[in-house]
There are 2 protein chains.
Amino acid sequence: MKYAVGVDIGGTTVKLGLFDENANVLDKWEIPTIKDNQGAQIVPDVAKSVLAKLAEKNIDKAEVAGIGVGAPGAVDEDGVMTGGAVNLGWPVFNLRTTLEEATGGIPVKAANDANVAAFGEMWQGGGKGYSDMVAVTLGTGVGGGIIVNGKILTGATGAGGEIGHIHLEDAETEVCGCGHCGCLEQYASATGIVRLAKRRLAQDDKASVLRSSEISAKTVFDAVKAGDEVAIEIAEKFGYYLGKGLAAVANVVNPQVFVIGGGVSKAGDVLIPFVEPNFQKYVFPPCRHAKFALAKLGNDAGIFGAAGMILKAF
Amino acid sequence: MKYAVGVDIGGTTVKLGLFDENANVLDKWEIPTIKDNQGAQIVPDVAKSVLAKLAEKNIDKAEVAGIGVGAPGAVDEDGVMTGGAVNLGWPVFNLRTTLEEATGGIPVKAANDANVAAFGEMWQGGGKGYSDMVAVTLGTGVGGGIIVNGKILTGATGAGGEIGHIHLEDAETEVCGCGHCGCLEQYASATGIVRLAKRRLAQDDKASVLRSSEISAKTVFDAVKAGDEVAIEIAEKFGYYLGKGLAAVANVVNPQVFVIGGGVSKAGDVLIPFVEPNFQKYVFPPCRHAKFALAKLGNDAGIFGAAGMILKAF
């Protein structure tokens, strides 16, 4: 039996998972992310935790095919954090070789965390069985991860798949986090949905349960499920922008499937009928067969993808 | 010395080129494309012409590393024309194995002609030295070819890189060839530029040399070079749409370079200052370093790319 370890380094905790070669999770645990001193302790802490887990499980290092690791920043093919990692305090350094040395020679593969999570969804989640996939993460922002022929599309500067900043609305006056106006993220993220909702509610006095509740992506889609007409209008606007943005993405990379994840996707299947008709309206017909699926792995997508980098050709 | 043959099958002629392993063109020739009888003669004609050329040059078949072939249709990894080729009358069949058999066993690689031309521009043209490139062909329509990590992005149904049909204009009422309204192609192709010009000229009576000449992409850009204000307004509109469309493409695949080819690109360097500022206005900042270059190989991009599939890892 061969094993692999998946590591997902976040700003608050590091998630780790021990997998067997059949993609079963044997154990799953977390350690805190210590960001002091430019995050210098993070890699040694990960190495120590992995080695302790192997000892606990009586697994010899030689039985471990490798450690996959996702980190929040641009990571090049060699494992270098080309811009460091702002959220961790990391400078530019080679994450791969540093972790290999710290573990006494276990082979490591490193990549950007969003891309790793996308890979996880393809390997064992909502995109299982597909090789050409776009992961769409609707969270605080809108992120993306593109898989072409089973491999992550990293891009020239590690910014491949940053679909949240596709420009969609010339009439927008509020500024996006990226400095431009009218990005997809301003309409399809959790915060974007709240903006759309507030704008709609300010337009007139039409009755809506949203007028007496806190407004969030969740309350909007709960109201949609309850048949609230104003909430449905808001969801239609969300679907217009997301469908149109994903049509542009499909015209470029022609995927088999879009896998929708992130906090907003917890609304579930109700989302897709707002997105897909707009997608169909704007997509180039030969690209129209792309399917829409929901992500399945939640917060575990990162450890799955990281282990998948070791257990499946990445 | 090893050789390769590049074949570019078009609706009227088949272009062929004999290359040495250092990418030198030793000979270049054409044969007519006979479309009768579902184009059944095309592959045997190509095989006959290649074998005759090898005999003429005293090259043994064993010295030929392979034949690369670009064809106008979707071609899968195995060499199957998955939708046939409408322009040639071809049904669905395996182009690769058919040409291998017809040449008595010379190895063949086959791919879509636009993608092959893009690969040619990366190998020996405007994208030389880059591995992440988007070829943009501004001809009758707007085509594209995307290269990621040195490899063509084919897409799930062979429609990867069909950037001409990215939707950019909700206010458009004329219908594009694809059946939708407001596609990039409606503004940035040769015919799109003519439409923009006619619309602008109909707006008012402002003096312009375009009022007394035939309107084409060429006359518009000639007038731009002569400082014609109306022509400059038209070029600005063209640049607005193309820059915005390519910004969306950059946010998805994060290329190092855009290589602009096709008939419209014959206008030369004058094009780029209309496109690049709009690109910068709409692109996600980490993707903004993409360069703009003009295609260099013209009609030879296809035979170069086809030979390149053999001589360089495709």
# chains A, B, ... in the order shown; residues from 1 in each chain; ligands from 1

call {"tool": "residues_around", "arguments": {"residues": "A:Lys57", "least_positions_apart": "6", "cutoff": "10 Å", "atoms": "only C-alpha atoms", "output": "list in words"}}
result
Leu18, Leu26, Asp27 and Leu51 of chain A

call {"tool": "residues_around", "arguments": {"residues": "B:Gly155", "least_positions_apart": "3", "cutoff": "10 Å", "atoms": "only C-alpha atoms", "output": "list in words"}}
result
Ser131, Asp132, Met133, Val148, Asn149, Ala250, Asn251, Val252, Val253, Asn254, Pro255, Gln256 and Cys287 of chain A; Ala74, Asp76, Ile146, Ile152, Gly158, Ala159, Gly160, Gly161 and Glu162 of chain B

call {"tool": "write_last_selection", "arguments": {"atoms": "N, CA, C and O atoms", "output": "mmCIF file, in the first residue's frame"}}
result
data_model
loop_
_atom_site.group_PDB
_atom_site.id
_atom_site.type_symbol
_atom_site.label_atom_id
_atom_site.label_comp_id
_atom_site.auth_asym_id
_atom_site.auth_seq_id
_atom_site.Cartn_x
_atom_site.Cartn_y
_atom_site.Cartn_z
ATOM 1 N N SER A 131 -12.060 15.812 -17.567
ATOM 2 C CA SER A 131 -10.657 16.234 -17.677
ATOM 3 C C SER A 131 -10.539 17.703 -18.052
ATOM 4 O O SER A 131 -9.468 18.282 -17.983
ATOM 5 N N ASP A 132 -11.636 18.306 -18.511
ATOM 6 C CA ASP A 132 -11.627 19.719 -18.899
ATOM 7 C C ASP A 132 -12.713 20.417 -18.098
ATOM 8 O O ASP A 132 -13.900 20.292 -18.391
ATOM 9 N N MET A 133 -12.287 21.138 -17.082
ATOM 10 C CA MET A 133 -13.212 21.639 -16.077
ATOM 11 C C MET A 133 -12.858 23.061 -15.674
ATOM 12 O O MET A 133 -11.699 23.437 -15.682
ATOM 13 N N VAL A 148 -7.254 21.773 -17.872
ATOM 14 C CA VAL A 148 -7.243 21.464 -19.300
ATOM 15 C C VAL A 148 -6.550 20.130 -19.462
ATOM 16 O O VAL A 148 -5.396 19.974 -19.017
ATOM 17 N N ASN A 149 -7.236 19.170 -20.055
ATOM 18 C CA ASN A 149 -6.628 17.858 -20.255
ATOM 19 C C ASN A 149 -6.097 17.263 -18.958
ATOM 20 O O ASN A 149 -5.009 16.677 -18.929
ATOM 21 N N ALA A 250 -16.221 29.850 -21.356
ATOM 22 C CA ALA A 250 -16.416 28.662 -22.193
ATOM 23 C C ALA A 250 -15.900 28.895 -23.608
ATOM 24 O O ALA A 250 -15.333 27.999 -24.225
ATOM 25 N N ASN A 251 -16.089 30.112 -24.127
ATOM 26 C CA ASN A 251 -15.607 30.410 -25.478
ATOM 27 C C ASN A 251 -14.085 30.375 -25.546
ATOM 28 O O ASN A 251 -13.519 30.189 -26.624
ATOM 29 N N VAL A 252 -13.433 30.567 -24.423
ATOM 30 C CA VAL A 252 -11.972 30.553 -24.418
ATOM 31 C C VAL A 252 -11.435 29.134 -24.207
ATOM 32 O O VAL A 252 -10.606 28.666 -24.979
ATOM 33 N N VAL A 253 -11.926 28.434 -23.168
ATOM 34 C CA VAL A 253 -11.324 27.133 -22.847
ATOM 35 C C VAL A 253 -12.205 25.918 -23.136
ATOM 36 O O VAL A 253 -11.747 24.791 -22.985
ATOM 37 N N ASN A 254 -13.477 26.146 -23.526
ATOM 38 C CA ASN A 254 -14.344 25.052 -23.978
ATOM 39 C C ASN A 254 -14.336 23.846 -23.032
ATOM 40 O O ASN A 254 -13.939 22.754 -23.403
ATOM 41 N N PRO A 255 -14.786 24.064 -21.779
ATOM 42 C CA PRO A 255 -14.741 22.967 -20.796
ATOM 43 C C PRO A 255 -15.891 21.984 -20.977
ATOM 44 O O PRO A 255 -16.889 22.281 -21.628
ATOM 45 N N GLN A 256 -15.751 20.813 -20.326
ATOM 46 C CA GLN A 256 -16.858 19.847 -20.279
ATOM 47 C C GLN A 256 -17.843 20.226 -19.191
ATOM 48 O O GLN A 256 -19.025 19.921 -19.286
ATOM 49 N N CYS A 287 -19.726 25.421 -27.877
ATOM 50 C CA CYS A 287 -19.275 25.286 -26.476
ATOM 51 C C CYS A 287 -20.442 25.124 -25.513
ATOM 52 O O CYS A 287 -20.270 25.097 -24.305
ATOM 53 N N ALA B 74 -12.911 20.330 -36.372
ATOM 54 C CA ALA B 74 -12.457 19.846 -35.068
ATOM 55 C C ALA B 74 -11.751 18.509 -35.247
ATOM 56 O O ALA B 74 -12.249 17.621 -35.938
ATOM 57 N N ASP B 76 -9.738 15.503 -32.988
ATOM 58 C CA ASP B 76 -9.439 15.093 -31.605
ATOM 59 C C ASP B 76 -7.996 14.615 -31.474
ATOM 60 O O ASP B 76 -7.232 14.603 -32.445
ATOM 61 N N ILE B 146 -5.150 29.057 -28.720
ATOM 62 C CA ILE B 146 -4.562 29.276 -27.400
ATOM 63 C C ILE B 146 -3.507 28.224 -27.126
ATOM 64 O O ILE B 146 -3.739 27.027 -27.321
ATOM 65 N N ILE B 152 -1.232 23.281 -27.586
ATOM 66 C CA ILE B 152 -2.518 23.812 -28.023
ATOM 67 C C ILE B 152 -3.630 23.420 -27.053
ATOM 68 O O ILE B 152 -3.714 22.264 -26.638
ATOM 69 N N GLY B 158 -13.334 20.685 -29.251
ATOM 70 C CA GLY B 158 -12.486 21.244 -30.303
ATOM 71 C C GLY B 158 -12.727 22.718 -30.556
ATOM 72 O O GLY B 158 -12.227 23.280 -31.525
ATOM 73 N N ALA B 159 -13.485 23.374 -29.678
ATOM 74 C CA ALA B 159 -13.823 24.788 -29.896
ATOM 75 C C ALA B 159 -13.049 25.708 -28.946
ATOM 76 O O ALA B 159 -13.424 26.853 -28.753
ATOM 77 N N GLY B 160 -11.974 25.219 -28.362
ATOM 78 C CA GLY B 160 -11.134 26.075 -27.524
ATOM 79 C C GLY B 160 -10.588 27.238 -28.339
ATOM 80 O O GLY B 160 -10.265 27.063 -29.516
ATOM 81 N N GLY B 161 -10.541 28.409 -27.733
ATOM 82 C CA GLY B 161 -9.971 29.565 -28.422
ATOM 83 C C GLY B 161 -10.905 30.267 -29.388
ATOM 84 O O GLY B 161 -10.482 31.120 -30.157
ATOM 85 N N GLU B 162 -12.205 29.946 -29.340
ATOM 86 C CA GLU B 162 -13.151 30.606 -30.263
ATOM 87 C C GLU B 162 -13.549 31.963 -29.683
ATOM 88 O O GLU B 162 -14.720 32.242 -29.409
#

call {"tool": "closest_residue", "arguments": {"among": "A:Cys183, A:Ala197, A:Leu271, A:Ile67", "to": "A:Lys225", "atoms": "only C-alpha atoms"}}
result
A:Leu271

call {"tool": "residues_around", "arguments": {"residues": "A:Glu63", "least_positions_apart": "2", "cutoff": "6 Å", "atoms": "only C-alpha atoms", "output": "ChimeraX atom specification"}}
result
/A:2,60-61

call {"tool": "write_last_selection", "arguments": {"atoms": "N, CA, C and O atoms", "output": "PDB file, in the first residue's frame"}}
result
ATOM      1  N   LYS A   2       0.509   2.190  -0.864  1.00  0.00           N
ATOM      2  CA  LYS A   2       1.194   3.485  -0.891  1.00  0.00           C
ATOM      3  C   LYS A   2       0.279   4.532  -0.262  1.00  0.00           C
ATOM      4  O   LYS A   2      -0.940   4.424  -0.339  1.00  0.00           O
ATOM      5  N   ASP A  60       5.907   3.712   7.290  1.00  0.00           N
ATOM      6  CA  ASP A  60       7.291   4.053   6.996  1.00  0.00           C
ATOM      7  C   ASP A  60       7.333   5.162   5.936  1.00  0.00           C
ATOM      8  O   ASP A  60       6.485   5.195   5.042  1.00  0.00           O
ATOM      9  N   LYS A  61       8.316   6.065   6.049  1.00  0.00           N
ATOM     10  CA  LYS A  61       8.443   7.146   5.061  1.00  0.00           C
ATOM     11  C   LYS A  61       8.504   6.606   3.629  1.00  0.00           C
ATOM     12  O   LYS A  61       8.006   7.217   2.696  1.00  0.00           O
TER      13      LYS A  61
END

call {"tool": "select_by_dssp", "arguments": {"residues": "stretch 19-259 of chain B", "states": "alpha helix (DSSP H)", "output": "MDAnalysis selection string"}}
result
chainID B and resid 36:39 42:56 95:102 113:124 185:188 190:203 217:225 229:253

call {"tool": "residues_around", "arguments": {"residues": "A:Lys151", "least_positions_apart": "5", "cutoff": "12 Å", "atoms": "only C-alpha atoms", "output": "MDAnalysis selection string"}}
result
(chainID A and resid 111 115:116 118:120 122:123 130:134 145:146 305 308:309 312:314) or (chainID B and resid 148:149 151 153)

call {"tool": "residues_around", "arguments": {"residues": "B:Gly164", "least_positions_apart": "2", "cutoff": "8 Å", "atoms": "only C-alpha atoms", "output": "JSON, numbers by chain"}}
result
{"B": [141, 142, 143, 144, 162, 166, 183, 184, 185]}

call {"tool": "write_last_selection", "arguments": {"atoms": "N, CA and C atoms", "output": "PDB file, in the first residue's frame"}}
result
ATOM      1  N   GLY B 141     -13.787  36.678 -40.119  1.00  0.00           N
ATOM      2  CA  GLY B 141     -14.278  36.586 -38.743  1.00  0.00           C
ATOM      3  C   GLY B 141     -13.133  36.864 -37.792  1.00  0.00           C
ATOM      4  N   VAL B 142     -13.336  36.545 -36.518  1.00  0.00           N
ATOM      5  CA  VAL B 142     -12.247  36.627 -35.545  1.00  0.00           C
ATOM      6  C   VAL B 142     -12.047  35.220 -34.983  1.00  0.00           C
ATOM      7  N   GLY B 143     -10.855  34.670 -35.213  1.00  0.00           N
ATOM      8  CA  GLY B 143     -10.546  33.338 -34.712  1.00  0.00           C
ATOM      9  C   GLY B 143      -9.487  33.428 -33.633  1.00  0.00           C
ATOM     10  N   GLY B 144      -9.221  32.326 -33.007  1.00  0.00           N
ATOM     11  CA  GLY B 144      -8.197  32.327 -31.978  1.00  0.00           C
ATOM     12  C   GLY B 144      -7.565  30.972 -31.851  1.00  0.00           C
ATOM     13  N   GLU B 162     -12.205  29.946 -29.340  1.00  0.00           N
ATOM     14  CA  GLU B 162     -13.151  30.606 -30.263  1.00  0.00           C
ATOM     15  C   GLU B 162     -13.549  31.963 -29.683  1.00  0.00           C
ATOM     16  N   ILE B 166     -17.087  35.813 -28.035  1.00  0.00           N
ATOM     17  CA  ILE B 166     -17.311  36.363 -26.696  1.00  0.00           C
ATOM     18  C   ILE B 166     -18.313  37.512 -26.853  1.00  0.00           C
ATOM     19  N   CYS B 183     -21.264  39.823 -30.555  1.00  0.00           N
ATOM     20  CA  CYS B 183     -19.991  39.102 -30.439  1.00  0.00           C
ATOM     21  C   CYS B 183     -18.811  40.000 -30.837  1.00  0.00           C
ATOM     22  N   LEU B 184     -17.654  39.753 -30.219  1.00  0.00           N
ATOM     23  CA  LEU B 184     -16.401  40.434 -30.579  1.00  0.00           C
ATOM     24  C   LEU B 184     -16.203  40.496 -32.092  1.00  0.00           C
ATOM     25  N   GLU B 185     -16.465  39.391 -32.763  1.00  0.00           N
ATOM     26  CA  GLU B 185     -16.299  39.299 -34.217  1.00  0.00           C
ATOM     27  C   GLU B 185     -17.077  40.374 -34.980  1.00  0.00           C
TER      28      GLU B 185
END

call {"tool": "residues_around", "arguments": {"residues": "stretch 84-90 of chain B", "least_positions_apart": "2", "cutoff": "8 Å", "atoms": "only C-alpha atoms", "output": "ChimeraX atom specification"}}
result
/B:10-11,33,35-40,71-74,81-82,92-93

call {"tool": "write_last_selection", "arguments": {"atoms": "C-alpha atoms", "output": "PDB file, in the first residue's frame"}}
result
ATOM      1  CA  GLY B  10      -7.712  24.607 -47.220  1.00  0.00           C
ATOM      2  CA  GLY B  11     -10.944  24.780 -49.178  1.00  0.00           C
ATOM      3  CA  THR B  33      -8.137  20.721 -53.151  1.00  0.00           C
ATOM      4  CA  LYS B  35     -13.717  18.377 -53.089  1.00  0.00           C
ATOM      5  CA  ASP B  36     -15.731  16.004 -55.283  1.00  0.00           C
ATOM      6  CA  ASN B  37     -17.045  12.784 -53.838  1.00  0.00           C
ATOM      7  CA  GLN B  38     -16.951  13.982 -50.206  1.00  0.00           C
ATOM      8  CA  GLY B  39     -13.355  15.082 -50.649  1.00  0.00           C
ATOM      9  CA  ALA B  40     -12.255  11.451 -50.878  1.00  0.00           C
ATOM     10  CA  ALA B  71      -7.463  20.696 -41.383  1.00  0.00           C
ATOM     11  CA  PRO B  72     -10.493  22.998 -41.225  1.00  0.00           C
ATOM     12  CA  GLY B  73     -12.581  21.309 -38.552  1.00  0.00           C
ATOM     13  CA  ALA B  74     -12.457  19.846 -35.068  1.00  0.00           C
ATOM     14  CA  MET B  81     -12.251  14.748 -37.701  1.00  0.00           C
ATOM     15  CA  THR B  82     -15.029  14.609 -35.104  1.00  0.00           C
ATOM     16  CA  VAL B  92     -16.215  11.900 -39.857  1.00  0.00           C
ATOM     17  CA  PHE B  93     -13.025   9.851 -40.306  1.00  0.00           C
TER      18      PHE B  93
END

call {"tool": "residues_around", "arguments": {"residues": "B:Gly139", "least_positions_apart": "3", "cutoff": "9 Å", "atoms": "only C-alpha atoms", "output": "PDB file with N, CA, C and O atoms, in the first residue's frame"}}
result
ATOM      1  N   VAL B 142     -13.336  36.545 -36.518  1.00  0.00           N
ATOM      2  CA  VAL B 142     -12.247  36.627 -35.545  1.00  0.00           C
ATOM      3  C   VAL B 142     -12.047  35.220 -34.983  1.00  0.00           C
ATOM      4  O   VAL B 142     -12.969  34.640 -34.391  1.00  0.00           O
ATOM      5  N   GLY B 143     -10.855  34.670 -35.213  1.00  0.00           N
ATOM      6  CA  GLY B 143     -10.546  33.338 -34.712  1.00  0.00           C
ATOM      7  C   GLY B 143      -9.487  33.428 -33.633  1.00  0.00           C
ATOM      8  O   GLY B 143      -8.917  34.496 -33.392  1.00  0.00           O
ATOM      9  N   ALA B 188     -14.493  43.475 -34.546  1.00  0.00           N
ATOM     10  CA  ALA B 188     -13.037  43.439 -34.699  1.00  0.00           C
ATOM     11  C   ALA B 188     -12.574  42.678 -35.936  1.00  0.00           C
ATOM     12  O   ALA B 188     -11.386  42.680 -36.249  1.00  0.00           O
ATOM     13  N   SER B 189     -13.502  42.063 -36.668  1.00  0.00           N
ATOM     14  CA  SER B 189     -13.127  41.387 -37.916  1.00  0.00           C
ATOM     15  C   SER B 189     -13.073  42.425 -39.028  1.00  0.00           C
ATOM     16  O   SER B 189     -13.491  43.574 -38.850  1.00  0.00           O
ATOM     17  N   ALA B 190     -12.593  42.015 -40.185  1.00  0.00           N
ATOM     18  CA  ALA B 190     -12.577  42.916 -41.343  1.00  0.00           C
ATOM     19  C   ALA B 190     -13.994  43.395 -41.643  1.00  0.00           C
ATOM     20  O   ALA B 190     -14.232  44.591 -41.858  1.00  0.00           O
ATOM     21  N   THR B 191     -14.955  42.491 -41.634  1.00  0.00           N
ATOM     22  CA  THR B 191     -16.337  42.892 -41.902  1.00  0.00           C
ATOM     23  C   THR B 191     -16.901  43.716 -40.740  1.00  0.00           C
ATOM     24  O   THR B 191     -17.705  44.622 -40.951  1.00  0.00           O
ATOM     25  N   GLY B 261      -2.908  38.321 -35.997  1.00  0.00           N
ATOM     26  CA  GLY B 261      -2.708  38.013 -37.409  1.00  0.00           C
ATOM     27  C   GLY B 261      -3.994  38.186 -38.198  1.00  0.00           C
ATOM     28  O   GLY B 261      -4.953  38.781 -37.711  1.00  0.00           O
ATOM     29  N   GLY B 262      -4.004  37.650 -39.424  1.00  0.00           N
ATOM     30  CA  GLY B 262      -5.176  37.780 -40.291  1.00  0.00           C
ATOM     31  C   GLY B 262      -5.095  39.052 -41.116  1.00  0.00           C
ATOM     32  O   GLY B 262      -4.240  39.917 -40.882  1.00  0.00           O
ATOM     33  N   GLY B 263      -5.998  39.165 -42.072  1.00  0.00           N
ATOM     34  CA  GLY B 263      -5.970  40.278 -43.027  1.00  0.00           C
ATOM     35  C   GLY B 263      -5.905  41.654 -42.382  1.00  0.00           C
ATOM     36  O   GLY B 263      -5.148  42.521 -42.817  1.00  0.00           O
ATOM     37  N   VAL B 264      -6.682  41.873 -41.329  1.00  0.00           N
ATOM     38  CA  VAL B 264      -6.719  43.190 -40.685  1.00  0.00           C
ATOM     39  C   VAL B 264      -5.339  43.570 -40.140  1.00  0.00           C
ATOM     40  O   VAL B 264      -4.961  44.745 -40.147  1.00  0.00           O
ATOM     41  N   SER B 265      -4.571  42.562 -39.732  1.00  0.00           N
ATOM     42  CA  SER B 265      -3.269  42.843 -39.112  1.00  0.00           C
ATOM     43  C   SER B 265      -2.256  43.392 -40.114  1.00  0.00           C
ATOM     44  O   SER B 265      -1.199  43.877 -39.721  1.00  0.00           O
TER      45      SER B 265
END

call {"tool": "atom_distance", "arguments": {"atom1": "atom CA of A:Val46", "atom2": "atom CA of A:Gly298"}}
result
21.8 Å

call {"tool": "closest_residue", "arguments": {"among": "A:Ala235, A:Ala135, A:Ala110, A:Ile34", "to": "A:Ala301", "atoms": "only C-alpha atoms"}}
result
A:Ala135

call {"tool": "closest_residue", "arguments": {"among": "B:His289, B:Lys266, B:Lys128, B:Lys237", "to": "chain A", "atoms": "only C-alpha atoms"}}
result
B:His289

call {"tool": "atom_distance", "arguments": {"atom1": "atom CA of B:Asp78", "atom2": "atom CA of B:Val108"}}
result
10.3 Å

call {"tool": "select_by_dssp", "arguments": {"residues": "stretch 32-102 of chain B", "states": "strand (DSSP E)", "output": "PyMOL selection string"}}
result
chain B and resi 32+64-71+80-81+93-94

call {"tool": "write_last_selection", "arguments": {"atoms": "all heavy atoms", "output": "short mmCIF file (atom, residue, chain, number, x, y, z; two decimals), in the first residue's frame"}}
result
data_model
loop_
_atom_site.label_atom_id
_atom_site.label_comp_id
_atom_site.auth_asym_id
_atom_site.auth_seq_id
_atom_site.Cartn_x
_atom_site.Cartn_y
_atom_site.Cartn_z
N PRO B 32 -4.13 21.59 -55.78
CA PRO B 32 -5.54 21.97 -55.65
C PRO B 32 -6.29 21.02 -54.71
O PRO B 32 -5.95 19.84 -54.61
CB PRO B 32 -6.09 21.87 -57.08
CG PRO B 32 -5.15 20.97 -57.80
CD PRO B 32 -3.80 21.08 -57.14
N VAL B 64 12.24 10.87 -42.72
CA VAL B 64 11.16 11.82 -42.43
C VAL B 64 10.58 11.52 -41.05
O VAL B 64 10.03 10.45 -40.81
CB VAL B 64 10.06 11.74 -43.51
CG1 VAL B 64 8.93 12.73 -43.21
CG2 VAL B 64 10.65 12.01 -44.89
N ALA B 65 10.76 12.47 -40.14
CA ALA B 65 10.27 12.26 -38.78
C ALA B 65 8.75 12.19 -38.75
O ALA B 65 8.16 11.54 -37.88
CB ALA B 65 10.75 13.39 -37.87
N GLY B 66 8.10 12.84 -39.70
CA GLY B 66 6.65 12.76 -39.73
C GLY B 66 6.04 13.84 -40.59
O GLY B 66 6.72 14.73 -41.10
N ILE B 67 4.72 13.73 -40.77
CA ILE B 67 3.93 14.72 -41.49
C ILE B 67 2.96 15.34 -40.50
O ILE B 67 2.22 14.63 -39.82
CB ILE B 67 3.14 14.07 -42.65
CG1 ILE B 67 4.09 13.38 -43.64
CG2 ILE B 67 2.27 15.10 -43.36
CD1 ILE B 67 3.37 12.53 -44.69
N GLY B 68 2.98 16.65 -40.42
CA GLY B 68 1.97 17.34 -39.62
C GLY B 68 0.91 17.88 -40.54
O GLY B 68 1.21 18.32 -41.65
N VAL B 69 -0.35 17.83 -40.11
CA VAL B 69 -1.41 18.29 -41.00
C VAL B 69 -2.46 19.08 -40.22
O VAL B 69 -2.91 18.67 -39.14
CB VAL B 69 -2.00 17.11 -41.82
CG1 VAL B 69 -2.45 15.98 -40.93
CG2 VAL B 69 -3.15 17.57 -42.71
N GLY B 70 -2.80 20.24 -40.78
CA GLY B 70 -3.87 21.05 -40.21
C GLY B 70 -5.07 20.99 -41.14
O GLY B 70 -4.92 21.07 -42.35
N ALA B 71 -6.25 20.82 -40.57
CA ALA B 71 -7.46 20.70 -41.38
C ALA B 71 -8.57 21.56 -40.79
O ALA B 71 -8.63 21.77 -39.58
CB ALA B 71 -7.92 19.24 -41.43
N VAL B 80 -9.02 12.12 -35.29
CA VAL B 80 -10.34 11.97 -35.90
C VAL B 80 -10.95 13.35 -36.16
O VAL B 80 -10.92 14.22 -35.30
CB VAL B 80 -11.29 11.17 -34.98
CG1 VAL B 80 -12.71 11.12 -35.56
CG2 VAL B 80 -10.76 9.76 -34.76
N MET B 81 -11.47 13.55 -37.37
CA MET B 81 -12.25 14.75 -37.70
C MET B 81 -13.63 14.51 -37.08
O MET B 81 -14.50 13.88 -37.71
CB MET B 81 -12.40 14.92 -39.22
CG MET B 81 -11.10 14.97 -40.01
SD MET B 81 -10.07 16.43 -39.72
CE MET B 81 -11.23 17.78 -39.97
N PHE B 93 -13.97 10.95 -40.05
CA PHE B 93 -13.02 9.85 -40.31
C PHE B 93 -11.72 10.18 -39.62
O PHE B 93 -11.52 11.30 -39.14
CB PHE B 93 -12.82 9.63 -41.82
CG PHE B 93 -11.88 10.62 -42.47
CD1 PHE B 93 -10.63 10.24 -42.96
CD2 PHE B 93 -12.24 11.97 -42.58
CE1 PHE B 93 -9.78 11.16 -43.55
CE2 PHE B 93 -11.39 12.90 -43.16
CZ PHE B 93 -10.15 12.49 -43.65
N ASN B 94 -10.82 9.22 -39.54
CA ASN B 94 -9.53 9.44 -38.89
C ASN B 94 -8.52 9.92 -39.92
O ASN B 94 -7.99 9.15 -40.73
CB ASN B 94 -9.05 8.17 -38.18
CG ASN B 94 -7.85 8.49 -37.29
OD1 ASN B 94 -6.93 9.19 -37.69
ND2 ASN B 94 -7.88 7.98 -36.06
#

call {"tool": "decode", "arguments": {"residues": "stretch 82-90 of chain A", "atoms": "N, CA, C and O atoms", "output": "compact mmCIF listing (two decimals), in the first residue's frame"}}
result
# COMPACT_ATOMS: atom_id res chain seq x y z
N THR A 82 6.42 32.55 -6.12
CA THR A 82 7.08 33.62 -6.90
C THR A 82 6.80 35.02 -6.36
O THR A 82 7.55 35.95 -6.64
N GLY A 83 5.72 35.17 -5.62
CA GLY A 83 5.45 36.48 -5.03
C GLY A 83 5.35 36.36 -3.51
O GLY A 83 4.73 37.21 -2.87
N GLY A 84 5.92 35.31 -2.94
CA GLY A 84 5.71 35.05 -1.52
C GLY A 84 4.25 34.72 -1.26
O GLY A 84 3.53 34.28 -2.17
N ALA A 85 3.80 34.92 -0.02
CA ALA A 85 2.37 34.73 0.31
C ALA A 85 2.01 35.78 1.35
O ALA A 85 2.37 35.65 2.52
N VAL A 86 1.32 36.81 0.90
CA VAL A 86 0.96 37.94 1.76
C VAL A 86 0.23 37.49 3.03
O VAL A 86 0.56 37.92 4.13
N ASN A 87 -0.73 36.59 2.88
CA ASN A 87 -1.54 36.16 4.03
C ASN A 87 -0.76 35.39 5.08
O ASN A 87 -1.24 35.18 6.18
N LEU A 88 0.41 34.87 4.70
CA LEU A 88 1.20 34.06 5.64
C LEU A 88 2.45 34.80 6.09
O LEU A 88 3.16 34.32 6.97
N GLY A 89 2.75 35.93 5.44
CA GLY A 89 3.98 36.65 5.74
C GLY A 89 5.18 36.11 4.99
O GLY A 89 6.30 36.56 5.18
N TRP A 90 4.94 35.12 4.12
CA TRP A 90 6.05 34.46 3.42
C TRP A 90 6.76 35.37 2.42
O TRP A 90 6.09 36.06 1.62
